[in-house]
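To start, the structure itself, in structure tokens.
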Amino acid sequence: MHGKQLEAVTDTNYLGITITDDLSWNLHINNIVASANQAQGMLSRNIQKLRNKLTPILSTHLRPRVEYSAAIWDPHTQENTDKIERVQRRAARYIFNNYSNESSVTSMISKLNWIPLYQRRVNIRLCLFYKIVNGLVAIPTDTYLIPQNRTSRHYNTMAYTIFSPRHVYYKFSFFPRTVIAWNKLPESKVKAPKIEAFKTLVT
């Protein structure tokens, strides 16, 4: 290109997202989990005297690291889902200062009123979808979305045709996965008047 030989690489970072030549998000997820764990280690060494404020501190510093652009790379494999979930579980143990194998981390997370990170990513995808169907972002719906032609008691009236992709990577990408989640939302949510109201309803 422009008289220069392009270098072939197996992965590259684009706007904070690691893209690999096999179209897998494994490396990106490994990177963000490592970043979150490193941040938690730093915080645990420096905020011992602020234990009563750990919940907002950890939420502010950890979640953004594992949720940036999550609508794009939200994993479908259980292995990657578990890797990310362990970030929040480790933070919950630290907040309660409880590392016993006999203790329930799920109970700790419930007491903190935290929802699983995988559900937060579903909500992130749904919020982006809401923006798309309401023309709040520059992504044309007619390119990707086909409204349902028939009514169904299982779907809302703003439902879209479910994709039938042949390739695995496309099957688990944003539109095919999010259309399924969107179609199952109740009428009151998909017809929320503003994005702020929609975020409140789905979170």
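Identifiers for the structure tokens are assigned positionally: chains receive A, B, ... in sequence, residues are indexed from 1 per chain, and ligands are indexed from 1 in the order shown.
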**Asked** Excluding same-chain residues fewer than 2 positions from region 26-31 of chain A, what lies within 12 Å of it counting only C-alpha atoms, as an MDAnalysis selection string?
**Response** chainID A and resid 10:14 16:24 33:38 65:70 72:85 87
**Request:** Write down as a count of residues only the residues belonging to region 69-177 of chain A that are assigned helix (DSSP H, G or I) by DSSP computed on the backbone.
**Result:** 59
Neighbour list for region 148-159 of chain A as a PDB file with N, CA and C atoms, in the first residue's frame, cut-off 7 Å, only C-alpha atoms, skip fewer than 5 positions in-chain:
```pdb
ATOM      1  N   ASN A 183     -36.850  -9.164  20.908  1.00  0.00           N
ATOM      2  CA  ASN A 183     -38.185  -9.675  20.606  1.00  0.00           C
ATOM      3  C   ASN A 183     -38.933 -10.154  21.850  1.00  0.00           C
ATOM      4  N   LYS A 184     -38.174 -10.608  22.854  1.00  0.00           N
ATOM      5  CA  LYS A 184     -38.785 -11.153  24.059  1.00  0.00           C
ATOM      6  C   LYS A 184     -39.147 -10.082  25.088  1.00  0.00           C
ATOM      7  N   LEU A 185     -38.722  -8.842  24.849  1.00  0.00           N
ATOM      8  CA  LEU A 185     -39.036  -7.771  25.788  1.00  0.00           C
ATOM      9  C   LEU A 185     -40.530  -7.437  25.731  1.00  0.00           C
ATOM     10  N   PRO A 186     -41.110  -7.049  26.855  1.00  0.00           N
ATOM     11  CA  PRO A 186     -42.526  -6.654  26.849  1.00  0.00           C
ATOM     12  C   PRO A 186     -42.732  -5.334  26.117  1.00  0.00           C
ATOM     13  N   GLU A 187     -43.957  -5.109  25.718  1.00  0.00           N
ATOM     14  CA  GLU A 187     -44.324  -3.909  24.961  1.00  0.00           C
ATOM     15  C   GLU A 187     -43.906  -2.625  25.687  1.00  0.00           C
TER      16      GLU A 187
END
```
So that each row is one residue of region 84-133 of chain A with an atom at most 9 Å from region 61-64 of chain A, can you give its shortest atom pair and the distance in Å to one decimal, using only C-alpha atoms, rows by chain and rising number, as a Markdown table?
```
| residue | atom | partner | partner_atom | distance |
| --- | --- | --- | --- | --- |
| A:Val87 | CA | A:Leu62 | CA | 7.9 |
| A:Gln88 | CA | A:Arg63 | CA | 8.1 |
| A:Ala91 | CA | A:Leu62 | CA | 8.7 |
| A:Leu117 | CA | A:Arg63 | CA | 8.5 |
```
Can you write out the residues you just picked, keeping N, CA and C atoms, as an mmCIF file, in the first residue's frame?
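Output file selection-v6.cif follows:
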```
data_model
loop_
_atom_site.group_PDB
_atom_site.id
_atom_site.type_symbol
_atom_site.label_atom_id
_atom_site.label_comp_id
_atom_site.auth_asym_id
_atom_site.auth_seq_id
_atom_site.Cartn_x
_atom_site.Cartn_y
_atom_site.Cartn_z
ATOM 1 N N VAL A 87 -14.101 -11.725 37.742
ATOM 2 C CA VAL A 87 -13.638 -10.392 38.145
ATOM 3 C C VAL A 87 -14.568 -9.831 39.217
ATOM 4 N N GLN A 88 -15.872 -9.908 38.966
ATOM 5 C CA GLN A 88 -16.841 -9.385 39.924
ATOM 6 C C GLN A 88 -16.905 -10.247 41.180
ATOM 7 N N ALA A 91 -14.061 -9.354 43.365
ATOM 8 C CA ALA A 91 -14.296 -8.052 43.998
ATOM 9 C C ALA A 91 -15.262 -8.193 45.180
ATOM 10 N N LEU A 117 -22.422 -10.004 35.413
ATOM 11 C CA LEU A 117 -21.866 -9.189 34.343
ATOM 12 C C LEU A 117 -22.404 -9.610 32.974
#
```
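Using only C-alpha atoms, the residues found no farther than 9 Å from Arg89 (chain A), other than those of its own chain fewer than 6 positions away, are Val105, Thr106, Met108 and Ile109 of chain A.
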Please produce an output containing C-alpha atoms for each residue in the selection, written as a PDB file, in the first residue's frame.
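Wrote selection_24.pdb, looks like this:
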```pdb
ATOM      1  CA  VAL A 105     -20.043 -15.629  46.497  1.00  0.00           C
ATOM      2  CA  THR A 106     -23.454 -15.538  44.851  1.00  0.00           C
ATOM      3  CA  MET A 108     -22.325 -11.768  48.572  1.00  0.00           C
ATOM      4  CA  ILE A 109     -23.121 -10.396  45.124  1.00  0.00           C
TER       5      ILE A 109
END
```
**Asked** Pick from A:Lys194, A:Arg120, A:His167, A:Pro147: nearest to Gly135 (chain A), with only C-alpha atoms counted?
**Response**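 Result for the nearest residue to Gly135 (chain A): A:Lys194.
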**Asked** Could you state the separation of CA of Thr178 (chain A) and CA of Pro193 (chain A) in Å, given to one decimal place?
**Response**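 Separating CA of Thr178 (chain A) from CA of Pro193 (chain A) is a distance of 19.9 Å.
The residues of region 12-203 of chain A that DSSP assigns to strand (DSSP E or B) on this backbone come out as Thr12, Asn13, Tyr14, Ile17, Thr18, Ile19, Thr20, Pro147 and Tyr160 of chain A.
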